[in-house]
Every structure is written in structure tokens, then in C-alpha cells.
$ cat upload.cif   # mmCIF, C-alpha atoms and all ligand atoms
data_entry
#
loop_
_atom_site.label_atom_id
_atom_site.label_comp_id
_atom_site.auth_asym_id
_atom_site.auth_seq_id
_atom_site.Cartn_x
_atom_site.Cartn_y
_atom_site.Cartn_z
CA MET V 8 5.32 -20.88 -19.72
CA THR V 9 2.05 -19.06 -19.09
CA ASN V 10 0.78 -19.06 -15.55
CA PRO V 11 -2.67 -20.63 -16.00
CA ILE V 12 -4.51 -18.07 -13.87
CA ASN V 13 -2.53 -15.14 -15.11
CA ALA V 14 -2.69 -14.99 -18.86
CA ASN V 15 -2.07 -11.27 -19.17
CA ASN V 16 0.89 -12.06 -21.39
CA ASP V 17 0.92 -9.64 -24.30
CA ASP V 18 4.05 -7.61 -25.00
CA LYS V 19 2.86 -4.26 -23.62
CA ASN V 20 5.03 -2.54 -20.98
CA ILE V 21 4.42 -3.59 -17.42
CA ILE V 22 3.48 -0.62 -15.22
CA PHE V 23 2.67 -2.53 -12.03
CA ASP V 24 4.15 -5.92 -11.24
CA VAL V 25 2.45 -7.26 -8.14
CA LYS V 26 4.30 -10.15 -6.49
CA ASP V 27 2.91 -12.35 -3.75
CA LEU V 28 0.93 -9.50 -2.22
CA ASN V 29 -0.77 -10.21 1.09
CA LEU V 30 -2.73 -7.71 3.16
CA TRP V 31 -4.30 -7.96 6.60
CA TYR V 32 -6.71 -5.67 8.44
CA GLY V 33 -5.69 -6.61 11.98
CA ASN V 34 -5.95 -10.40 11.96
CA ASP V 35 -8.25 -10.59 8.94
CA LYS V 36 -6.55 -11.41 5.68
CA ALA V 37 -8.07 -9.40 2.83
CA LEU V 38 -5.58 -10.08 0.00
CA LYS V 39 -4.01 -13.49 -0.44
CA GLY V 40 -0.86 -14.02 -2.45
CA LEU V 41 -1.72 -11.87 -5.46
CA ASP V 42 0.53 -12.07 -8.52
CA PHE V 43 -0.66 -9.67 -11.12
CA GLN V 44 0.70 -7.45 -13.87
CA ILE V 45 -0.92 -4.25 -15.05
CA LYS V 46 0.05 -3.14 -18.52
CA GLU V 47 0.58 0.31 -20.01
CA ASN V 48 -2.45 2.00 -21.61
CA ASP V 49 -4.70 -0.89 -20.70
CA VAL V 50 -8.00 -0.40 -18.96
CA THR V 51 -7.95 -3.17 -16.37
CA ALA V 52 -11.29 -3.91 -14.71
CA ILE V 53 -11.42 -5.55 -11.29
CA ILE V 54 -14.61 -7.54 -10.74
CA GLY V 55 -15.85 -9.88 -8.05
CA PRO V 56 -18.49 -10.16 -5.34
CA SER V 57 -18.81 -7.70 -2.47
CA GLY V 58 -15.98 -7.96 0.07
CA CYS V 59 -13.57 -9.85 -2.21
CA GLY V 60 -10.87 -7.19 -1.88
CA LYS V 61 -11.30 -5.08 -5.03
CA SER V 62 -11.12 -1.68 -3.30
CA THR V 63 -8.40 -2.86 -0.95
CA PHE V 64 -6.33 -3.93 -3.93
CA ILE V 65 -6.53 -0.69 -5.88
CA LYS V 66 -5.93 1.40 -2.77
CA THR V 67 -2.75 -0.63 -2.26
CA LEU V 68 -1.41 0.48 -5.66
CA ASN V 69 -0.91 4.07 -4.42
CA ARG V 70 -0.53 3.09 -0.76
CA MET V 71 -3.76 4.86 0.23
CA VAL V 72 -4.73 1.71 2.10
CA GLU V 73 -1.96 2.39 4.62
CA LEU V 74 -3.99 5.31 5.98
CA ILE V 75 -5.86 2.59 7.89
CA PRO V 76 -3.69 1.92 10.96
CA SER V 77 -4.43 -1.82 11.32
CA VAL V 78 -3.16 -2.62 7.82
CA LYS V 79 -0.18 -4.96 7.39
CA ILE V 80 1.27 -5.80 4.00
CA THR V 81 3.78 -8.34 2.71
CA GLY V 82 5.03 -8.88 -0.82
CA GLU V 83 6.11 -6.46 -3.51
CA ILE V 84 4.52 -4.07 -5.93
CA LEU V 85 6.96 -2.90 -8.56
CA TYR V 86 5.88 0.36 -10.15
CA ASN V 87 7.99 0.91 -13.27
CA GLY V 88 10.49 -1.45 -11.70
CA THR V 89 10.71 0.14 -8.21
CA ASN V 90 9.13 -1.47 -5.18
CA ILE V 91 6.55 1.04 -3.89
CA PHE V 92 7.23 -0.15 -0.32
CA ASP V 93 10.94 0.77 -0.54
CA LYS V 94 11.99 3.24 2.16
CA SER V 95 13.56 5.44 -0.53
CA LEU V 96 10.26 5.96 -2.34
CA ARG V 97 8.33 9.09 -1.42
CA VAL V 98 4.69 8.23 -1.03
CA GLU V 99 3.54 11.73 -2.13
CA GLU V 100 5.46 11.26 -5.36
CA LEU V 101 3.81 7.86 -5.91
CA ARG V 102 0.35 9.34 -5.31
CA SER V 103 0.96 12.14 -7.77
CA ARG V 104 1.96 9.58 -10.44
CA VAL V 105 -0.89 7.25 -9.52
CA GLY V 106 -4.06 9.33 -9.18
CA MET V 107 -7.35 8.15 -7.79
CA VAL V 108 -11.05 8.82 -8.28
CA PHE V 109 -13.49 7.49 -5.70
CA GLN V 110 -16.97 6.01 -5.72
CA LYS V 111 -18.72 9.15 -4.50
CA PRO V 112 -17.67 12.41 -6.10
CA ASN V 113 -15.72 14.22 -3.37
CA PRO V 114 -14.87 17.74 -4.51
CA PHE V 115 -13.59 20.16 -1.91
CA PRO V 116 -16.00 22.90 -0.76
CA LYS V 117 -14.13 25.38 -2.92
CA SER V 118 -14.46 26.88 -6.37
CA ILE V 119 -14.14 24.74 -9.50
CA PHE V 120 -10.81 26.45 -10.22
CA GLU V 121 -9.47 25.85 -6.70
CA ASN V 122 -10.42 22.18 -6.90
CA VAL V 123 -8.43 21.64 -10.08
CA VAL V 124 -5.32 23.53 -8.95
CA TYR V 125 -5.29 22.10 -5.43
CA GLY V 126 -2.53 19.54 -6.11
CA PRO V 127 -0.35 21.73 -8.35
CA LYS V 128 -0.50 24.53 -5.70
CA ILE V 129 0.62 22.13 -2.98
CA HIS V 130 3.48 21.21 -5.29
CA GLY V 131 4.52 24.85 -5.34
CA ILE V 132 3.02 26.19 -8.58
CA ARG V 133 1.94 29.77 -7.86
CA ASP V 134 1.98 31.49 -11.24
CA LYS V 135 -1.62 32.47 -12.02
CA ARG V 136 -1.22 32.01 -15.77
CA LYS V 137 0.28 28.54 -15.35
CA LEU V 138 -2.51 27.56 -12.94
CA MET V 139 -5.11 28.78 -15.43
CA GLU V 140 -3.43 26.75 -18.16
CA ILE V 141 -3.50 23.62 -15.98
CA THR V 142 -7.17 24.24 -15.21
CA GLU V 143 -8.14 24.53 -18.85
CA THR V 144 -6.13 21.49 -19.95
CA SER V 145 -7.35 19.30 -17.09
CA LEU V 146 -11.00 20.29 -17.48
CA LYS V 147 -10.78 19.69 -21.24
CA ARG V 148 -9.29 16.24 -20.66
CA ALA V 149 -12.11 15.50 -18.22
CA ALA V 150 -14.66 16.68 -20.84
CA LEU V 151 -15.98 19.35 -18.47
CA TRP V 152 -14.46 22.57 -19.80
CA ASP V 153 -17.36 23.60 -22.05
CA GLU V 154 -19.84 23.18 -19.23
CA VAL V 155 -17.93 25.20 -16.63
CA LYS V 156 -15.59 27.61 -18.42
CA ASP V 157 -17.81 30.60 -17.61
CA ARG V 158 -18.16 29.81 -13.93
CA LEU V 159 -14.77 28.66 -12.73
CA ASN V 160 -15.16 30.68 -9.52
CA ASP V 161 -18.49 29.06 -8.59
CA ASN V 162 -18.53 26.51 -5.78
CA ALA V 163 -18.03 22.92 -6.97
CA TYR V 164 -21.01 21.81 -4.87
CA GLY V 165 -23.28 23.58 -7.39
CA LEU V 166 -22.37 21.02 -10.06
CA SER V 167 -24.40 17.89 -10.80
CA GLY V 168 -23.12 14.54 -9.52
CA GLY V 169 -21.76 13.59 -12.93
CA GLN V 170 -20.06 16.95 -13.32
CA GLN V 171 -18.59 16.66 -9.81
CA GLN V 172 -17.15 13.27 -10.74
CA ARG V 173 -15.57 14.72 -13.89
CA LEU V 174 -14.21 17.56 -11.73
CA CYS V 175 -12.60 14.98 -9.43
CA LEU V 176 -11.11 13.39 -12.51
CA ALA V 177 -9.80 16.81 -13.65
CA ARG V 178 -8.32 17.30 -10.17
CA ALA V 179 -6.47 14.00 -10.52
CA LEU V 180 -5.37 14.81 -14.10
CA ALA V 181 -3.99 18.20 -13.02
CA MET V 182 -1.15 16.30 -11.33
CA GLU V 183 -0.23 14.74 -14.68
CA PRO V 184 -0.41 11.19 -13.42
CA GLU V 185 0.59 8.13 -15.38
CA VAL V 186 -2.02 5.85 -13.84
CA LEU V 187 -5.63 6.50 -12.85
CA LEU V 188 -7.24 4.31 -10.22
CA MET V 189 -11.02 4.42 -10.23
CA ASP V 190 -13.04 2.84 -7.46
CA GLU V 191 -16.56 2.31 -8.81
CA PRO V 192 -16.54 5.81 -10.31
CA THR V 193 -20.03 5.57 -11.78
CA SER V 194 -21.94 3.76 -9.05
CA ALA V 195 -23.44 7.02 -7.73
CA LEU V 196 -24.31 8.33 -11.21
CA ASP V 197 -27.34 8.09 -13.50
CA PRO V 198 -27.08 6.24 -16.85
CA ILE V 199 -26.34 9.38 -18.88
CA ALA V 200 -23.58 10.57 -16.54
CA THR V 201 -22.26 6.98 -16.47
CA ALA V 202 -22.12 6.84 -20.27
CA LYS V 203 -20.17 10.12 -20.27
CA ILE V 204 -17.59 8.79 -17.83
CA GLU V 205 -17.27 5.55 -19.82
CA GLU V 206 -16.74 7.52 -23.03
CA LEU V 207 -14.12 9.56 -21.23
CA ILE V 208 -12.31 6.44 -20.01
CA MET V 209 -12.09 5.18 -23.59
CA GLU V 210 -10.52 8.51 -24.55
CA LEU V 211 -8.18 8.74 -21.54
CA LYS V 212 -6.73 5.27 -22.06
CA LYS V 213 -4.77 6.63 -25.03
CA GLU V 214 -2.66 8.60 -22.54
CA TYR V 215 -3.09 6.86 -19.20
CA THR V 216 -3.11 3.41 -17.68
CA ILE V 217 -6.44 2.86 -15.96
CA VAL V 218 -7.48 0.42 -13.24
CA ILE V 219 -11.17 0.43 -12.47
CA VAL V 220 -13.17 -1.41 -9.84
CA THR V 221 -16.69 -2.06 -11.01
CA HIS V 222 -19.73 -3.95 -9.83
CA SER V 223 -21.11 -3.90 -13.33
CA MET V 224 -20.01 -6.71 -15.56
CA GLN V 225 -21.57 -4.87 -18.50
CA GLN V 226 -19.35 -1.92 -17.71
CA ALA V 227 -16.25 -4.12 -17.50
CA ALA V 228 -17.18 -5.73 -20.83
CA ARG V 229 -17.81 -2.35 -22.50
CA ILE V 230 -14.69 -0.47 -21.47
CA SER V 231 -11.88 -2.73 -20.34
CA ASP V 232 -9.07 -4.49 -22.19
CA LYS V 233 -8.27 -6.86 -19.33
CA THR V 234 -10.49 -8.15 -16.59
CA ALA V 235 -9.37 -9.59 -13.26
CA PHE V 236 -11.76 -11.71 -11.23
CA PHE V 237 -11.26 -11.62 -7.45
CA LEU V 238 -12.87 -13.98 -4.97
CA MET V 239 -12.39 -13.90 -1.18
CA GLY V 240 -9.11 -12.01 -1.43
CA GLU V 241 -7.64 -14.15 -4.19
CA LEU V 242 -7.03 -13.31 -7.81
CA ILE V 243 -8.77 -16.19 -9.53
CA GLU V 244 -8.02 -15.16 -13.08
CA VAL V 245 -6.91 -12.24 -15.24
CA ASP V 246 -7.09 -12.20 -19.00
CA LYS V 247 -8.35 -10.30 -22.00
CA THR V 248 -11.84 -9.09 -21.17
CA GLN V 249 -13.46 -10.92 -24.06
CA LYS V 250 -11.89 -14.18 -22.92
CA ILE V 251 -13.04 -13.72 -19.32
CA PHE V 252 -16.61 -13.19 -20.48
CA THR V 253 -16.71 -15.94 -23.11
CA THR V 254 -14.28 -18.71 -22.27
CA PRO V 255 -12.76 -18.21 -18.81
CA ARG V 256 -10.33 -20.85 -17.58
CA ASP V 257 -11.68 -21.20 -14.08
CA LYS V 258 -15.14 -22.59 -13.28
CA ARG V 259 -15.57 -19.99 -10.51
CA THR V 260 -15.04 -17.15 -13.00
CA GLU V 261 -17.56 -18.73 -15.33
CA ASP V 262 -20.11 -19.09 -12.54
CA TYR V 263 -19.66 -15.45 -11.58
CA VAL V 264 -19.79 -13.91 -15.06
CA THR V 265 -22.81 -15.98 -15.99
CA GLY V 266 -24.60 -14.75 -12.87
CA ARG V 267 -24.66 -18.03 -10.95
CA PHE V 268 -23.46 -16.26 -7.83
CA GLY V 269 -22.37 -12.89 -6.60
N1 LIG G 1 -11.02 -0.40 7.01
C1 LIG G 1 -11.21 -1.73 7.14
N2 LIG G 1 -11.02 -2.35 8.31
C2 LIG G 1 -11.20 -3.68 8.46
N3 LIG G 1 -11.58 -4.50 7.46
C3 LIG G 1 -11.80 -3.94 6.26
C4 LIG G 1 -11.63 -2.53 6.03
N4 LIG G 1 -11.92 -2.27 4.73
C5 LIG G 1 -12.25 -3.46 4.18
N5 LIG G 1 -12.18 -4.45 5.08
C6 LIG G 1 -12.46 -5.89 4.85
O1 LIG G 1 -11.62 -6.36 3.82
C7 LIG G 1 -12.33 -7.21 2.93
C8 LIG G 1 -12.26 -6.66 1.51
O2 LIG G 1 -12.95 -5.42 1.46
P1 LIG G 1 -12.98 -4.49 0.17
O3 LIG G 1 -13.71 -3.25 0.54
O4 LIG G 1 -11.63 -4.38 -0.38
O5 LIG G 1 -13.87 -5.39 -0.82
P2 LIG G 1 -14.61 -5.00 -2.17
O6 LIG G 1 -14.46 -6.16 -3.06
O7 LIG G 1 -14.12 -3.70 -2.66
O8 LIG G 1 -16.12 -4.87 -1.66
P3 LIG G 1 -17.33 -4.01 -2.25
O9 LIG G 1 -17.57 -4.55 -3.62
O10 LIG G 1 -18.46 -4.33 -1.32
O11 LIG G 1 -16.92 -2.57 -2.23
C9 LIG G 1 -13.74 -7.31 3.48
O12 LIG G 1 -13.84 -8.48 4.26
C10 LIG G 1 -13.87 -6.08 4.32
O13 LIG G 1 -14.78 -6.29 5.39
#
$ encode --input "upload.cif" --output "C-alpha cells"
Amino acid sequence: MTNPINANNDDKNIIFDVKDLNLWYGNDKALKGLDFQIKENDVTAIIGPSGCGKSTFIKTLNRMVELIPSVKITGEILYNGTNIFDKSLRVEELRSRVGMVFQKPNPFPKSIFENVVYGPKIHGIRDKRKLMEITETSLKRAALWDEVKDRLNDNAYGLSGGQQQRLCLARALAMEPEVLLMDEPTSALDPIATAKIEELIMELKKEYTIVIVTHSMQQAARISDKTAFFLMGELIEVDKTQKIFTTPRDKRTEDYVTGRFG
């Protein structure tokens, strides 16, 4: 039987299976009993009012949230069937499979080339030709190659905000992840740079599974396959994006997507 709030029930492969996930910052509970499946090659948008737990949730998927010392977590997140909280799982390995792009572009104060090869170098790749190959492939995937191919040794800070964000995407792609987490990746960008990133997401979803937090319902409607609505740390509803925006099951989702609150 279909769980009424969780109608993400097509037959695509499950990449993340979140089970009764709870998270506290100290004594404050930020995520409350989430049950949620994320499917392969879907773009899943997370929407909801400020403070409802969107960022906390996606940072839990690659355990970045645990960098905050007060965090306590219960429940399970199965990633391709393995609980990411298992002692046997190496967190570095998880983070290389589940890459992340943040709200503000955050390149390192290094050359464009050094930004892209940062992860692969840490993982022991030293061969210059291989690193160059990774750079070209990753920058092409991030739709930035043509704009920077003649100045790979220039500092990344000389790029525009939109280019910096695509560079951060290339840096994540250089690790050959399976999943890309994006935390409001366009909120610091102008409309043209935003459109470019959205176009890119549509292209990348052929190869990657994407989870994106967005404040823009228009953005969620334009680019996502599934939309999840969060409210005060709870997952209220997840379903096909069109359904969420036209005939949601829950009155609170309807009130939010029609702009009655938020
Ligand atoms: N480092 C932290 N320490 C303590 N509480 C935190 C921390 N980060 C977030 N919180 C709290 O957890 C709750 C969820 O925050 P979160 O940032 O995940 O929400 P959000 O939906 O992403 O918000 P926004 O849309 O404003 O970015 C909020 O009540 C917030 O104050």
C-alpha cells in the first residue's frame, strides 16, 4: 500500500532510503522521523519555509552535518543498501560518491586547474596527463571548459560568480560522484547564471542523481522530477513535482505552494 505522504513509488532504483531519521542540534530537534526515498537519476527538489530543515537534511546525506559537534542523529540512511552510519563505512568514500555544491560559490584561492584536481590529487592521482584529462572532462561536464580552457592557471577568484559556481560543480564532478547535493546553488547568482545552472542540471541528471534545496518554487517546478515539502523538521509530502504543484495531498503543502504562507 502507498504511504499517503510518501508517494514516490515509481519503479526506479532507490539510491537513498531514509528511515525514521531524527536529528538534534543540542536539545533542538531539527529533523523529525523522516521516511524518504531518493531515486536514481531523479532531480529531487526540497522546498519549505526558512528553518524547516532543508539544508540539515541534505547535509545529512553525506554526513557533512556531523562536522557540527552538537549534532545527534538516530535512524538509518541506506545508500545503495548500506547504512551510511555503519562503523564499517568510510566517510571520505561516502563524500566522494555523494558530492556537494553550496549556496555561495566557494572555490579555493588557487588556479582553476588546481581547484578541479584538488580531490583527485588527495586521492593519490599524480600523473599530469591524467589530471589534465580529468580537468577537461569535468569542466566540459560543468559547461565551463570553453570559457576557461585558455586560462587554466589563472586564479579562480577572477571568475564571475556564475563561473565560480560551475567551477565548484566541476570540482565535485572530478571525483566521479554518483549523487550531487546542491544547497540553493543559484541563490547568489543573477538570472542568466541561474538559467545556465538550471540547464546544466537538466543535462547532468542523465548521469547523476541530484538533490537540490531551493527557495524558488518556480525553480523546483522547472527542473525537478520529484518535490519534497518540509515543514518544521517534518517531511509533509513527497511526490512527482507536477502533482505537488497541482494537486498535493496535504492542505499544508497546498497552502505553501499557492503562497498562503512561507
Ligand atoms: N549549526 C547549527 N546549530 C544549531 N542549530 C542549527 C544549526 N544549523 C541549523 N540549525 C537549526 O536547525 C533548524 C533547521 O535549519 P536548516 O538550516 O536546516 O533549515 P533550512 O530549511 O535549510 O533553512 P533556510 O531555508 O533558511 O536555509 C533551524 O531551526 C536552525 O536554526
$ residues_near_ligand --input "upload.cif" --ligand "ligand LIG 1 (chain G)" --cutoff "6 Å" --atoms "all atoms listed in the file" --output "tab-separated table (two decimals) with C-alpha atoms, in the coordinates of the input"
chain	number	residue	atom	x	y	z
V	32	TYR	CA	-6.71	-5.67	8.44
V	37	ALA	CA	-8.07	-9.40	2.83
V	56	PRO	CA	-18.49	-10.16	-5.34
V	57	SER	CA	-18.81	-7.70	-2.47
V	58	GLY	CA	-15.98	-7.96	0.07
V	59	CYS	CA	-13.57	-9.85	-2.21
V	60	GLY	CA	-10.87	-7.19	-1.88
V	61	LYS	CA	-11.30	-5.08	-5.03
V	62	SER	CA	-11.12	-1.68	-3.30
V	63	THR	CA	-8.40	-2.86	-0.95
$ atom_distance --input "upload.cif" --atom1 "atom CA of Met209 of chain V" --atom2 "atom CA of Gly88 of chain V"
26.4 Å
$ closest_residue --input "upload.cif" --among "V:Ala195, V:Ala149, V:Asn48, V:Tyr263" --to "Glu244 of chain V" --atoms "all atoms listed in the file"
V:Tyr263
$ closest_residue --input "upload.cif" --among "V:Tyr125, V:Phe252, V:Thr216, V:Asn113" --to "Lys19 of chain V" --atoms "only C-alpha atoms"
V:Thr216
$ residues_around --input "upload.cif" --residues "Lys156 of chain V" --least-positions-apart "2" --cutoff "10 Å" --atoms "only C-alpha atoms" --output "number ranges by chain"
V: 119-120, 142-143, 146-147, 151-154, 158-160
$ write_last_selection --input "upload.cif" --atoms "C-alpha atoms" --output "PDB file, keeping the file's coordinate frame"
ATOM      1  CA  ILE V 119     -14.140  24.740  -9.500  1.00  0.00           C
ATOM      2  CA  PHE V 120     -10.810  26.450 -10.220  1.00  0.00           C
ATOM      3  CA  THR V 142      -7.170  24.240 -15.210  1.00  0.00           C
ATOM      4  CA  GLU V 143      -8.140  24.530 -18.850  1.00  0.00           C
ATOM      5  CA  LEU V 146     -11.000  20.290 -17.480  1.00  0.00           C
ATOM      6  CA  LYS V 147     -10.780  19.690 -21.240  1.00  0.00           C
ATOM      7  CA  LEU V 151     -15.980  19.350 -18.470  1.00  0.00           C
ATOM      8  CA  TRP V 152     -14.460  22.570 -19.800  1.00  0.00           C
ATOM      9  CA  ASP V 153     -17.360  23.600 -22.050  1.00  0.00           C
ATOM     10  CA  GLU V 154     -19.840  23.180 -19.230  1.00  0.00           C
ATOM     11  CA  ARG V 158     -18.160  29.810 -13.930  1.00  0.00           C
ATOM     12  CA  LEU V 159     -14.770  28.660 -12.730  1.00  0.00           C
ATOM     13  CA  ASN V 160     -15.160  30.680  -9.520  1.00  0.00           C
TER      14      ASN V 160
END
$ residues_around --input "upload.cif" --residues "Asp49 of chain V" --least-positions-apart "4" --cutoff "12 Å" --atoms "only C-alpha atoms" --output "VMD selection string"
chain V and resid 15 17 to 23 44 to 45 185 to 188 208 to 219 230 to 234 246 to 248
$ closest_residue --input "upload.cif" --among "V:Val50, V:Lys135, V:Tyr164, V:Thr89" --to "Leu207 of chain V" --atoms "only C-alpha atoms"
V:Val50
$ atom_distance --input "upload.cif" --atom1 "atom CA of Lys46 of chain V" --atom2 "atom CA of Leu28 of chain V"
17.5 Å
$ atom_distance --input "upload.cif" --atom1 "atom CA of Met107 of chain V" --atom2 "atom CA of Lys39 of chain V"
23.1 Å
$ residues_near_point --input "upload.cif" --point "(-6.9, -11.8, -13.4)" --cutoff "12 Å" --atoms "only C-alpha atoms" --output "PyMOL selection string"
chain V and resi 10-16+25+41-45+51-55+61+232-238+241-248+250-251+255-257+260
$ closest_residue --input "upload.cif" --among "V:Leu38, V:Val264, V:Val108, V:Ala202" --to "Met224 of chain V" --atoms "only C-alpha atoms"
V:Val264
$ closest_residue --input "upload.cif" --among "V:Lys26, V:Lys111, V:Glu73, V:Glu183" --to "Tyr86 of chain V" --atoms "only C-alpha atoms"
V:Lys26
